Amino acid sequence: MFSRFSLLAAVALSVGAVCAEPICWNDGTWDDSGAPNGVLLSDNEGWWGRCVFTGVTYSYEVEPASPKDVLGGEKALFGRRLLDGDKPKGWHRPVGMSAKRPLTVTFDFKRPCSFAEVDLISERTKSALALLEVSADGKDWIRFAEAKCTAPRTRIRPAVSGCGRYLRLRYKAETSSATYLDEVLVWGEGEVSGKFPENIVPIARGDFLKMSERTDGNIRFMPLKDPTAGSAVKTGMPPMSFCPDPTSGGEIVMSRNETEVCYFAVVNETTKQVVIPLSVKGAGNGISAELRIGGVVRTHPPKYKLTKKQLFDLQQTGDEPPDAFDAGKMDVLPFFSAHATPPLNFARKYLANPEQVAGFPKSVVIEPGEGAVVMLRVMTDGAKLGIRDIALAAGKVSSPVRVRVVDVTLPSKDYPWVFVWGSFTRQFPFESERRFVNEARPLRNLGATMVQGLPFKGTKAALVATDRGEAAIYYRVNLGRKILDKTYRGKGKIDDEDRRIIRERVEELRRQCRECAVSPEQVVLEISDEPDVKRAKMFGDVCRYLRKVAPGMSIYMNPCFWTGKGFTPSKDIIGSLKDYYNECVDVSVPYRSLVENADCRRELWAKPRRVNAQYAHPAHRAGRSIAWSSFRYGLDGFGYWAYYSPTGNPWDIRTWKYWSYECQLAFPLENDVALTPVYEEMREAFEDWLLLSLLKSSGRSEALKSLLDEFGASFDPPNKETSRPYRCDFAALRLRALNAAALTRHCLESKGVDANGKDR
């Protein structure tokens with residue numbers, strides 16, 4: 001770990017720690033004074049931590065006019081910009097007053113509050129004066145704080161908290177004629193009671209949690225089937241169907257250093273509500289195990305594109321158009337660990353089973369006939385060989401799970417090249433140091449060897465790089481918005497001005513590499529995304545010029561050639577790229593359907609270069625097949641979209657413009673992330689690659705060929721116009737591979753298989 005995170009690497013932070021935990025603001029600057037006192041009261045979008053959903057509203061003494069507080073380009077709609085989080089808005093980001101007039105805003109928090117801190121964000125106003133007043137009735141005002149503000153933010157922490165229902169801010173630039181303000185964040189405590197309820201519209205429970213018609217039994221564990229890549233399941237949830245034998249969790253066969261997951265429903269078959277603790281017992285000798293509880297979320301986006309006004313109402317009040325959503329479309333998706341569950345009010349706003357999640361693991365609420373879905377994660381770290389029985393426990397009821405460790409150790413180096421687009425989750429307005437550290441672990445376990453951005457001190461990229469051990473890390477950077485946009489449009493030519501921009505960008509990158517102690521060979525230059533026939537020529541022009549001015553740096557390309565009705569014929573793809581692709585492109589990552597095209601593979605994708613890989617999207621459709629396919633074709637690795645790419649509130653798919661939860665492997669929490677079955681599936685893909693690599697390096701060539709042939713046979717005949725999913729039992733394939741890789745004959749004979757993993 002580098003110094004910024006050394007404290008957390010050595011000791012666990014606690015609530016009672018003497019020193020404040022440093023935080024990183026959304027602009028990348030670290031603040032050692034720590035997080036604000038209290039909880040968020042102002043309902044700003046993008047905050048996933050402790051808060052009171054006050055339903056705050058605000059009004060201006062004089063409406064801002066330059067820019068106005070409107071919703072995007074909708075001049076007639078109020079924009080609520082002062083509380084809308086870190087949305088990219090360009091010129092429309094701030095609200096403003098001209099002619100040296102102050103900006104005066106009154107906030108109504110709908111309840112008595114104690115205001116401990118007010119944060120003002122303004123990137124354009126370099127210096128301003130702020131005055132804060134409070135009132136119980138909106139008539140009689142008391143001044144309780146004033147401050148001189150500087151860009152980009154000012155934290156106003158009064159010596160004594162201001163108390164009242166209303167907060168008034170007077171804000172005026174000191175040195176310019178215009179006053180701009182981007183965001184206001186208010187922290188403290190707010191009353192929540194029957195008289196002053198929170199602004200929450202709960203998600204209807206429906207019958208989703210109903211798992212049994214029996215109401216005269218006990219509590220029991222019901223094993224669930226694992227999610228299957230390429231199936232009709234679009235969300236990545238474990239299908240709500242039970243294993244054929246619901247009396248036992250069966251046996252989990254593992255190497256000495258990996259993670260395996262399985263799913264269970266804890267079903268209440270009594271006539272009464274139960275509140276029970278959940279746990280896992282009996283681990284040890286290099287085996288650890290944890291339970292995670294599943295949260296039930298809405299998983300279907302709108303049936304049609306919502307208007308800006310409808311989206312605004314949905315986000316602020318919970319009101320939704322009556323015909324816009326399928327009723328009851330919910331799935332078990334985020335899984336929460338015991339040390340990272342959301343607050344109860346947060347769970348009530350976004351989950352259909354809030355009491356289950358918020359009470360986990362000590363007091364999980366299950367109604368009669370209903371169930372709670374849990375994920376069992378078993379991890380080995382140099383575990384001893386043999387069999388160990390662990391047990392799932394729900395109060396006094398337990399269910400055995402047998403773990404068998406075979407004499408196989410997955411490689412700790414020579415990892416595949418793995419790129420997970422959307423590499424990090426986000427939180428506005430800041431993230432804790434714990435959150436930085438806790439996000440490195442999931443990416444490490446996915447095998448990520450390429451991240452967005454250079455590893456400047458105090459960045460997530462730096463933390464992931466230092467956490468990857470012996471695996472080489474590549475840093476993906478773009479050449480700037482102008483070049484990216486021009487190349488993406490594929491119109492015009494690269495001119496002298498473009499070349500100047502590219503030269504300056506490359507020189508700046510070299511300077512930054514020296515600052516970060518990064519080799520230029522680790523820098524991957526992104527020109528634009530998914531080139532096609534129309535854009536291929538301009539790509540070539542940029543590639544050739546980069547080869548001259550950026551020797552040593554890698555040039556990246558991810559060809560797609562999708563037309564909307566199918567993929568471009570292979571002869572046209574080859575014709576578009578043959579003049580420069582093999583000469584200039586160092587990191588080749590075509591879409592997987594193009595890799596399956598034998599002509600393109602022979603002429604383009606199989607040529608020697610630093611990285612030959614493939615990618616697919618969404619992540620769940622790619623599934624474990626992306627690793628097996630890449631290994632079968634002799635590639636260096638794979639990538640997929642995406643780790644995190646919501647197009648709205650990540651906890652509320654009703655606000656999304658497009659995509660689905662197939663593309664979101666993790667849900668953001670205040671100091672951690674909640675993982676999904678899709679995440680676990682893609683982690684399994686990485687471990688599958690390591691297992692296949694071990695078979696290859698240990699000379700199990702016959703077993704490896706048999707496994708890859710079986711995998712290939714499971715794929716529908718290649719179709720050059722469409723992308724078809726692989727359909728095979730990856731758990732069974734993995735088990736065969738694991739047995740074939742066992743390092744002692746004793747392990748093989750005890751399982752009754754031959755040296756290639758086949759039954760005797």
# chains A, B, ... in the order shown; residues from 1 in each chain; ligands from 1
$ residues_around --residues "range 370-386 of chain A" --least-positions-apart "3" --cutoff "8 Å" --atoms "only C-alpha atoms" --output "PDB file with N, CA and C atoms, in the first residue's frame"
ATOM      1  N   LEU A 209     -41.227 -12.552  -1.997  1.00  0.00           N
ATOM      2  CA  LEU A 209     -40.529 -13.248  -0.921  1.00  0.00           C
ATOM      3  C   LEU A 209     -41.256 -14.513  -0.474  1.00  0.00           C
ATOM      4  N   LYS A 210     -42.414 -14.794  -1.105  1.00  0.00           N
ATOM      5  CA  LYS A 210     -43.186 -15.982  -0.743  1.00  0.00           C
ATOM      6  C   LYS A 210     -42.486 -17.224  -1.272  1.00  0.00           C
ATOM      7  N   MET A 211     -42.151 -18.168  -0.394  1.00  0.00           N
ATOM      8  CA  MET A 211     -41.395 -19.340  -0.823  1.00  0.00           C
ATOM      9  C   MET A 211     -41.998 -20.649  -0.345  1.00  0.00           C
ATOM     10  N   SER A 212     -43.034 -20.609   0.455  1.00  0.00           N
ATOM     11  CA  SER A 212     -43.615 -21.848   0.966  1.00  0.00           C
ATOM     12  C   SER A 212     -45.081 -21.634   1.278  1.00  0.00           C
ATOM     13  N   MET A 254     -12.908 -27.476  -3.893  1.00  0.00           N
ATOM     14  CA  MET A 254     -12.152 -26.242  -4.070  1.00  0.00           C
ATOM     15  C   MET A 254     -10.664 -26.530  -4.185  1.00  0.00           C
ATOM     16  N   SER A 255      -9.971 -25.594  -4.843  1.00  0.00           N
ATOM     17  CA  SER A 255      -8.516 -25.590  -4.790  1.00  0.00           C
ATOM     18  C   SER A 255      -8.082 -24.975  -3.463  1.00  0.00           C
ATOM     19  N   ARG A 256      -6.799 -24.822  -3.289  1.00  0.00           N
ATOM     20  CA  ARG A 256      -6.301 -24.319  -2.007  1.00  0.00           C
ATOM     21  C   ARG A 256      -6.327 -22.796  -1.931  1.00  0.00           C
ATOM     22  N   ASN A 257      -6.715 -22.127  -3.023  1.00  0.00           N
ATOM     23  CA  ASN A 257      -6.699 -20.649  -3.003  1.00  0.00           C
ATOM     24  C   ASN A 257      -7.724 -20.070  -3.965  1.00  0.00           C
ATOM     25  N   GLU A 258      -8.971 -20.173  -3.638  1.00  0.00           N
ATOM     26  CA  GLU A 258     -10.016 -19.621  -4.504  1.00  0.00           C
ATOM     27  C   GLU A 258     -11.257 -19.305  -3.684  1.00  0.00           C
ATOM     28  N   THR A 259     -12.289 -18.841  -4.379  1.00  0.00           N
ATOM     29  CA  THR A 259     -13.573 -18.527  -3.753  1.00  0.00           C
ATOM     30  C   THR A 259     -14.679 -19.252  -4.515  1.00  0.00           C
ATOM     31  N   GLU A 260     -15.598 -19.847  -3.792  1.00  0.00           N
ATOM     32  CA  GLU A 260     -16.777 -20.449  -4.395  1.00  0.00           C
ATOM     33  C   GLU A 260     -18.014 -19.921  -3.680  1.00  0.00           C
ATOM     34  N   VAL A 261     -19.092 -19.754  -4.427  1.00  0.00           N
ATOM     35  CA  VAL A 261     -20.335 -19.259  -3.831  1.00  0.00           C
ATOM     36  C   VAL A 261     -21.482 -20.206  -4.134  1.00  0.00           C
ATOM     37  N   CYS A 262     -22.442 -20.239  -3.237  1.00  0.00           N
ATOM     38  CA  CYS A 262     -23.708 -20.923  -3.493  1.00  0.00           C
ATOM     39  C   CYS A 262     -24.806 -20.147  -2.771  1.00  0.00           C
ATOM     40  N   TYR A 263     -26.048 -20.424  -3.124  1.00  0.00           N
ATOM     41  CA  TYR A 263     -27.172 -19.626  -2.650  1.00  0.00           C
ATOM     42  C   TYR A 263     -28.177 -20.503  -1.912  1.00  0.00           C
ATOM     43  N   PHE A 264     -28.796 -19.931  -0.897  1.00  0.00           N
ATOM     44  CA  PHE A 264     -29.801 -20.630  -0.106  1.00  0.00           C
ATOM     45  C   PHE A 264     -30.955 -19.670   0.192  1.00  0.00           C
ATOM     46  N   ALA A 265     -32.121 -20.253   0.364  1.00  0.00           N
ATOM     47  CA  ALA A 265     -33.255 -19.512   0.902  1.00  0.00           C
ATOM     48  C   ALA A 265     -33.487 -19.998   2.326  1.00  0.00           C
ATOM     49  N   VAL A 266     -33.515 -19.066   3.267  1.00  0.00           N
ATOM     50  CA  VAL A 266     -33.858 -19.395   4.649  1.00  0.00           C
ATOM     51  C   VAL A 266     -35.367 -19.188   4.764  1.00  0.00           C
ATOM     52  N   VAL A 267     -36.108 -20.278   4.833  1.00  0.00           N
ATOM     53  CA  VAL A 267     -37.563 -20.223   4.703  1.00  0.00           C
ATOM     54  C   VAL A 267     -38.229 -20.390   6.070  1.00  0.00           C
ATOM     55  N   ASN A 268     -39.186 -19.521   6.350  1.00  0.00           N
ATOM     56  CA  ASN A 268     -39.979 -19.578   7.576  1.00  0.00           C
ATOM     57  C   ASN A 268     -41.283 -20.319   7.289  1.00  0.00           C
ATOM     58  N   GLU A 269     -41.367 -21.564   7.754  1.00  0.00           N
ATOM     59  CA  GLU A 269     -42.566 -22.365   7.505  1.00  0.00           C
ATOM     60  C   GLU A 269     -43.469 -22.432   8.731  1.00  0.00           C
ATOM     61  N   ASN A 285      -8.585 -23.769   9.427  1.00  0.00           N
ATOM     62  CA  ASN A 285      -7.544 -24.477   8.683  1.00  0.00           C
ATOM     63  C   ASN A 285      -7.407 -23.949   7.257  1.00  0.00           C
ATOM     64  N   GLY A 286      -7.388 -22.626   7.128  1.00  0.00           N
ATOM     65  CA  GLY A 286      -7.226 -22.024   5.811  1.00  0.00           C
ATOM     66  C   GLY A 286      -8.513 -21.843   5.051  1.00  0.00           C
ATOM     67  N   ILE A 287      -9.646 -22.217   5.653  1.00  0.00           N
ATOM     68  CA  ILE A 287     -10.960 -22.037   5.026  1.00  0.00           C
ATOM     69  C   ILE A 287     -11.720 -20.974   5.809  1.00  0.00           C
ATOM     70  N   SER A 288     -12.178 -19.956   5.111  1.00  0.00           N
ATOM     71  CA  SER A 288     -13.044 -18.952   5.737  1.00  0.00           C
ATOM     72  C   SER A 288     -14.353 -18.911   4.973  1.00  0.00           C
ATOM     73  N   ALA A 289     -15.386 -18.481   5.646  1.00  0.00           N
ATOM     74  CA  ALA A 289     -16.705 -18.443   5.016  1.00  0.00           C
ATOM     75  C   ALA A 289     -17.488 -17.265   5.557  1.00  0.00           C
ATOM     76  N   GLU A 290     -18.295 -16.690   4.701  1.00  0.00           N
ATOM     77  CA  GLU A 290     -19.150 -15.587   5.126  1.00  0.00           C
ATOM     78  C   GLU A 290     -20.509 -15.722   4.465  1.00  0.00           C
ATOM     79  N   LEU A 291     -21.516 -15.223   5.142  1.00  0.00           N
ATOM     80  CA  LEU A 291     -22.856 -15.121   4.573  1.00  0.00           C
ATOM     81  C   LEU A 291     -23.094 -13.690   4.132  1.00  0.00           C
ATOM     82  N   ARG A 292     -23.760 -13.535   3.011  1.00  0.00           N
ATOM     83  CA  ARG A 292     -24.256 -12.239   2.571  1.00  0.00           C
ATOM     84  C   ARG A 292     -25.747 -12.367   2.338  1.00  0.00           C
ATOM     85  N   ILE A 293     -26.475 -11.342   2.688  1.00  0.00           N
ATOM     86  CA  ILE A 293     -27.926 -11.383   2.519  1.00  0.00           C
ATOM     87  C   ILE A 293     -28.322 -10.610   1.270  1.00  0.00           C
ATOM     88  N   GLY A 294     -29.308 -11.154   0.555  1.00  0.00           N
ATOM     89  CA  GLY A 294     -29.745 -10.536  -0.688  1.00  0.00           C
ATOM     90  C   GLY A 294     -30.804  -9.476  -0.472  1.00  0.00           C
ATOM     91  N   VAL A 332     -33.647 -10.556  -6.515  1.00  0.00           N
ATOM     92  CA  VAL A 332     -32.592 -10.514  -5.513  1.00  0.00           C
ATOM     93  C   VAL A 332     -31.305 -10.171  -6.243  1.00  0.00           C
ATOM     94  N   PHE A 335     -26.016  -8.160  -2.756  1.00  0.00           N
ATOM     95  CA  PHE A 335     -25.807  -9.000  -1.578  1.00  0.00           C
ATOM     96  C   PHE A 335     -24.881  -8.265  -0.625  1.00  0.00           C
ATOM     97  N   GLN A 356     -35.104  -7.195   6.663  1.00  0.00           N
ATOM     98  CA  GLN A 356     -34.166  -8.311   6.556  1.00  0.00           C
ATOM     99  C   GLN A 356     -32.740  -7.813   6.411  1.00  0.00           C
ATOM    100  N   ILE A 366     -38.310 -12.512   9.017  1.00  0.00           N
ATOM    101  CA  ILE A 366     -38.903 -13.340   7.965  1.00  0.00           C
ATOM    102  C   ILE A 366     -40.357 -13.614   8.339  1.00  0.00           C
ATOM    103  N   GLU A 367     -41.257 -13.240   7.447  1.00  0.00           N
ATOM    104  CA  GLU A 367     -42.685 -13.428   7.675  1.00  0.00           C
ATOM    105  C   GLU A 367     -43.082 -14.881   7.401  1.00  0.00           C
ATOM    106  N   ARG A 404     -14.604 -29.762   0.317  1.00  0.00           N
ATOM    107  CA  ARG A 404     -13.481 -30.665   0.048  1.00  0.00           C
ATOM    108  C   ARG A 404     -12.392 -29.897  -0.687  1.00  0.00           C
ATOM    109  N   VAL A 405     -11.212 -29.848  -0.118  1.00  0.00           N
ATOM    110  CA  VAL A 405     -10.079 -29.151  -0.702  1.00  0.00           C
ATOM    111  C   VAL A 405      -9.154 -30.167  -1.341  1.00  0.00           C
ATOM    112  N   VAL A 406      -8.891 -30.001  -2.652  1.00  0.00           N
ATOM    113  CA  VAL A 406      -7.992 -30.901  -3.377  1.00  0.00           C
ATOM    114  C   VAL A 406      -6.635 -30.243  -3.541  1.00  0.00           C
ATOM    115  N   ASP A 407      -5.660 -31.035  -3.922  1.00  0.00           N
ATOM    116  CA  ASP A 407      -4.275 -30.556  -3.975  1.00  0.00           C
ATOM    117  C   ASP A 407      -4.019 -29.798  -5.274  1.00  0.00           C
TER     118      ASP A 407
END
$ closest_residue --among "A:Ser593, A:Ser570, A:Thr425, A:Gln452" --to "Asp672 in chain A" --atoms "only C-alpha atoms"
A:Thr425
$ closest_residue --among "A:Lys349, A:Lys126, A:Arg609, A:Arg214" --to "Ile555 in chain A" --atoms "only C-alpha atoms"
A:Arg609
$ select_by_dssp --residues "range 581-627 of chain A" --states "alpha helix (DSSP H)" --output "list in words"
Tyr581, Asn582, Glu583, Cys584, Arg592, Ser593, Leu594, Val595, Ala598, Asp599, Cys600, Ala619, His620, Arg621, Ala622, Ser625, Ile626 and Ala627 of chain A
$ write_last_selection --atoms "N, CA and C atoms" --output "CSV table (one decimal), in the first residue's frame"
chain,number,residue,atom,x,y,z
A,581,TYR,N,-3.7,-2.0,-38.9
A,581,TYR,CA,-4.1,-2.6,-37.6
A,581,TYR,C,-2.9,-3.4,-37.1
A,582,ASN,N,-2.4,-4.3,-37.9
A,582,ASN,CA,-1.3,-5.2,-37.3
A,582,ASN,C,0.0,-4.4,-37.1
A,583,GLU,N,0.1,-3.3,-37.8
A,583,GLU,CA,1.4,-2.6,-37.6
A,583,GLU,C,1.3,-1.6,-36.4
A,584,CYS,N,0.1,-1.1,-36.1
A,584,CYS,CA,0.0,0.0,-35.1
A,584,CYS,C,-0.7,-0.4,-33.8
A,592,ARG,N,-16.5,-10.1,-29.3
A,592,ARG,CA,-16.3,-11.6,-29.3
A,592,ARG,C,-16.9,-12.2,-30.6
A,593,SER,N,-17.9,-11.7,-31.2
A,593,SER,CA,-18.5,-12.3,-32.4
A,593,SER,C,-17.5,-12.2,-33.6
A,594,LEU,N,-16.6,-11.1,-33.5
A,594,LEU,CA,-15.6,-11.0,-34.6
A,594,LEU,C,-14.5,-12.0,-34.4
A,595,VAL,N,-14.2,-12.3,-33.1
A,595,VAL,CA,-13.2,-13.3,-32.8
A,595,VAL,C,-13.6,-14.6,-33.4
A,598,ALA,N,-13.5,-16.8,-38.5
A,598,ALA,CA,-12.2,-17.3,-38.7
A,598,ALA,C,-11.3,-16.5,-39.6
A,599,ASP,N,-11.9,-15.8,-40.6
A,599,ASP,CA,-11.1,-15.0,-41.5
A,599,ASP,C,-10.5,-13.8,-40.8
A,600,CYS,N,-11.3,-13.1,-40.0
A,600,CYS,CA,-10.8,-11.9,-39.2
A,600,CYS,C,-9.8,-12.4,-38.2
A,619,ALA,N,-22.1,-7.8,-19.1
A,619,ALA,CA,-21.3,-8.7,-18.4
A,619,ALA,C,-22.0,-10.1,-18.2
A,620,HIS,N,-23.3,-10.1,-17.9
A,620,HIS,CA,-23.9,-11.4,-17.6
A,620,HIS,C,-24.1,-12.2,-18.9
A,621,ARG,N,-24.3,-11.6,-20.0
A,621,ARG,CA,-24.3,-12.4,-21.2
A,621,ARG,C,-23.0,-12.9,-21.6
A,622,ALA,N,-21.9,-12.2,-21.3
A,622,ALA,CA,-20.6,-12.7,-21.5
A,622,ALA,C,-20.3,-13.9,-20.5
A,625,SER,N,-18.3,-17.8,-20.0
A,625,SER,CA,-17.9,-18.2,-21.4
A,625,SER,C,-16.8,-17.3,-21.9
A,626,ILE,N,-16.7,-16.1,-21.5
A,626,ILE,CA,-15.7,-15.1,-22.1
A,626,ILE,C,-14.3,-15.6,-21.8
A,627,ALA,N,-14.1,-16.2,-20.6
A,627,ALA,CA,-12.8,-16.8,-20.2
A,627,ALA,C,-12.5,-18.0,-21.0
$ select_by_dssp --residues "range 390-594 of chain A" --states "strand (DSSP E)" --output "JSON, numbers by chain"
{"A": [390, 391, 392, 393, 394, 397, 398, 399, 400, 401, 402, 403, 404, 405, 417, 418, 419, 420, 430, 431, 432, 450, 451, 452, 474, 475, 476, 477, 478, 523, 524, 525, 526, 554, 555, 556, 557, 587, 588]}
$ residues_around --residues "Tyr488 in chain A" --least-positions-apart "6" --cutoff "7 Å" --atoms "only C-alpha atoms" --output "number ranges by chain"
A: 528-529, 535
$ closest_residue --among "A:Ser554, A:Thr459, A:Asn671, A:Ser177" --to "Arg50 in chain A" --atoms "only C-alpha atoms"
A:Asn671
$ residues_around --residues "Lys537 in chain A" --least-positions-apart "4" --cutoff "12 Å" --atoms "only C-alpha atoms" --output "list in words"
Thr487, Tyr488, Arg489, Gly490, Lys491, Gly492, Lys493, Ile494, Pro531, Asp532, Val533, Asp541, Val542, Cys543, Arg544, Ile573, Gly575, Ser576, Leu577, Lys578, Asp579, Tyr580 and Tyr581 of chain A
$ atom_distance --atom1 "CA of Asp485 in chain A" --atom2 "CA of Ala536 in chain A"
13.9 Å
$ closest_residue --among "A:Pro368, A:Gly453, A:Pro342, A:Gly284" --to "Ile390 in chain A" --atoms "only C-alpha atoms"
A:Gly284
$ closest_residue --among "A:Asp108, A:Asp709, A:Glu117, A:Glu687" --to "Leu410 in chain A" --atoms "only C-alpha atoms"
A:Glu687
$ residues_around --residues "Ala393 in chain A" --least-positions-apart "6" --cutoff "7 Å" --atoms "only C-alpha atoms" --output "list of chain:residue names"
A:Leu278, A:Ser279, A:Val280, A:Ser399
$ write_last_selection --atoms "N, CA, C and O atoms" --output "PDB file, in the first residue's frame"
ATOM      1  N   LEU A 278     -28.454 -14.942  11.578  1.00  0.00           N
ATOM      2  CA  LEU A 278     -27.916 -15.847  10.562  1.00  0.00           C
ATOM      3  C   LEU A 278     -26.402 -15.853  10.676  1.00  0.00           C
ATOM      4  O   LEU A 278     -25.777 -14.805  10.896  1.00  0.00           O
ATOM      5  N   SER A 279     -25.809 -17.033  10.518  1.00  0.00           N
ATOM      6  CA  SER A 279     -24.354 -17.128  10.622  1.00  0.00           C
ATOM      7  C   SER A 279     -23.873 -18.376   9.914  1.00  0.00           C
ATOM      8  O   SER A 279     -24.664 -19.219   9.478  1.00  0.00           O
ATOM      9  N   VAL A 280     -22.549 -18.494   9.796  1.00  0.00           N
ATOM     10  CA  VAL A 280     -21.918 -19.700   9.266  1.00  0.00           C
ATOM     11  C   VAL A 280     -20.854 -20.110  10.264  1.00  0.00           C
ATOM     12  O   VAL A 280     -20.097 -19.279  10.767  1.00  0.00           O
ATOM     13  N   SER A 399     -27.775 -26.161   8.932  1.00  0.00           N
ATOM     14  CA  SER A 399     -27.758 -26.990   7.734  1.00  0.00           C
ATOM     15  C   SER A 399     -26.305 -27.214   7.343  1.00  0.00           C
ATOM     16  O   SER A 399     -25.542 -26.251   7.200  1.00  0.00           O
TER      17      SER A 399
END
$ closest_residue --among "A:Asn37, A:Phe107, A:Ser363, A:Arg124" --to "Pro158 in chain A" --atoms "only C-alpha atoms"
A:Asn37
$ residues_around --residues "Arg476 in chain A" --least-positions-apart "4" --cutoff "10 Å" --atoms "only C-alpha atoms" --output "compact mmCIF listing (two decimals) with all heavy atoms, in the first residue's frame"
# COMPACT_ATOMS: atom_id res chain seq x y z
N PHE A 419 -9.89 -6.45 -18.50
CA PHE A 419 -10.35 -5.06 -18.40
C PHE A 419 -11.84 -5.04 -18.12
O PHE A 419 -12.62 -5.67 -18.83
CB PHE A 419 -10.03 -4.29 -19.68
CG PHE A 419 -10.44 -2.84 -19.61
CD1 PHE A 419 -10.25 -2.09 -18.47
CD2 PHE A 419 -11.02 -2.22 -20.70
CE1 PHE A 419 -10.62 -0.76 -18.39
CE2 PHE A 419 -11.40 -0.88 -20.65
CZ PHE A 419 -11.19 -0.15 -19.50
N MET A 450 -6.19 -3.78 -16.04
CA MET A 450 -6.21 -2.51 -16.75
C MET A 450 -7.24 -1.62 -16.08
O MET A 450 -8.37 -2.04 -15.81
CB MET A 450 -6.55 -2.70 -18.23
CG MET A 450 -6.49 -1.42 -19.04
SD MET A 450 -6.25 -1.78 -20.81
CE MET A 450 -7.34 -0.60 -21.54
N VAL A 451 -6.85 -0.39 -15.77
CA VAL A 451 -7.74 0.55 -15.11
C VAL A 451 -7.72 1.87 -15.86
O VAL A 451 -6.81 2.16 -16.63
CB VAL A 451 -7.34 0.78 -13.64
CG1 VAL A 451 -7.51 -0.49 -12.83
CG2 VAL A 451 -5.91 1.29 -13.53
N GLN A 452 -8.76 2.65 -15.62
CA GLN A 452 -8.87 3.95 -16.26
C GLN A 452 -8.08 4.99 -15.48
O GLN A 452 -8.25 5.13 -14.27
CB GLN A 452 -10.34 4.38 -16.33
CG GLN A 452 -10.58 5.71 -17.00
CD GLN A 452 -10.28 5.68 -18.49
OE1 GLN A 452 -10.62 4.72 -19.17
NE2 GLN A 452 -9.63 6.71 -18.99
N GLY A 453 -7.20 5.71 -16.16
CA GLY A 453 -6.47 6.81 -15.53
C GLY A 453 -5.13 6.38 -14.97
O GLY A 453 -4.91 5.22 -14.63
N LEU A 454 -4.21 7.34 -14.85
CA LEU A 454 -2.89 7.08 -14.31
C LEU A 454 -2.92 7.02 -12.79
O LEU A 454 -3.78 7.64 -12.15
CB LEU A 454 -1.92 8.17 -14.78
CG LEU A 454 -1.58 8.15 -16.27
CD1 LEU A 454 -0.77 9.38 -16.65
CD2 LEU A 454 -0.81 6.89 -16.64
N GLN A 522 3.24 0.89 -20.13
CA GLN A 522 2.01 0.56 -19.41
C GLN A 522 0.85 1.47 -19.78
O GLN A 522 -0.29 1.22 -19.38
CB GLN A 522 2.24 0.63 -17.90
CG GLN A 522 3.18 -0.42 -17.35
CD GLN A 522 3.43 -0.20 -15.88
OE1 GLN A 522 4.30 0.56 -15.48
NE2 GLN A 522 2.64 -0.87 -15.04
N VAL A 523 1.12 2.54 -20.53
CA VAL A 523 0.08 3.49 -20.92
C VAL A 523 -0.60 3.00 -22.19
O VAL A 523 0.05 2.72 -23.20
CB VAL A 523 0.67 4.90 -21.14
CG1 VAL A 523 -0.41 5.85 -21.65
CG2 VAL A 523 1.26 5.42 -19.84
N VAL A 524 -1.93 2.89 -22.13
CA VAL A 524 -2.72 2.45 -23.27
C VAL A 524 -3.53 3.63 -23.77
O VAL A 524 -4.38 4.16 -23.05
CB VAL A 524 -3.66 1.28 -22.87
CG1 VAL A 524 -4.51 0.86 -24.05
CG2 VAL A 524 -2.84 0.11 -22.36
N LEU A 525 -3.24 4.07 -24.99
CA LEU A 525 -3.88 5.26 -25.55
C LEU A 525 -5.19 4.88 -26.22
O LEU A 525 -5.23 4.06 -27.13
CB LEU A 525 -2.95 5.92 -26.56
CG LEU A 525 -1.60 6.41 -26.01
CD1 LEU A 525 -0.70 6.87 -27.15
CD2 LEU A 525 -1.81 7.52 -25.00
N GLU A 526 -6.27 5.50 -25.76
CA GLU A 526 -7.58 5.28 -26.35
C GLU A 526 -7.87 6.38 -27.37
O GLU A 526 -7.75 7.57 -27.06
CB GLU A 526 -8.67 5.30 -25.28
CG GLU A 526 -10.06 5.13 -25.85
CD GLU A 526 -11.15 5.37 -24.82
OE1 GLU A 526 -10.83 5.89 -23.74
OE2 GLU A 526 -12.30 5.05 -25.11
N SER A 554 1.28 2.09 -25.73
CA SER A 554 0.41 1.14 -26.43
C SER A 554 -0.79 1.85 -27.04
O SER A 554 -1.36 2.75 -26.43
CB SER A 554 -0.09 0.07 -25.45
OG SER A 554 0.98 -0.72 -24.97
N ILE A 555 -1.15 1.43 -28.23
CA ILE A 555 -2.35 1.94 -28.91
C ILE A 555 -3.44 0.86 -28.79
O ILE A 555 -3.20 -0.31 -29.09
CB ILE A 555 -2.07 2.26 -30.38
CG1 ILE A 555 -0.99 3.35 -30.47
CG2 ILE A 555 -3.34 2.72 -31.09
CD1 ILE A 555 -0.55 3.66 -31.89
N TYR A 556 -4.59 1.30 -28.35
CA TYR A 556 -5.70 0.39 -28.02
C TYR A 556 -6.82 0.54 -29.05
O TYR A 556 -7.12 1.64 -29.51
CB TYR A 556 -6.21 0.75 -26.62
CG TYR A 556 -7.59 0.27 -26.27
CD1 TYR A 556 -7.79 -0.94 -25.62
CD2 TYR A 556 -8.71 1.06 -26.55
CE1 TYR A 556 -9.05 -1.36 -25.26
CE2 TYR A 556 -9.98 0.65 -26.19
CZ TYR A 556 -10.14 -0.56 -25.56
OH TYR A 556 -11.40 -0.97 -25.21
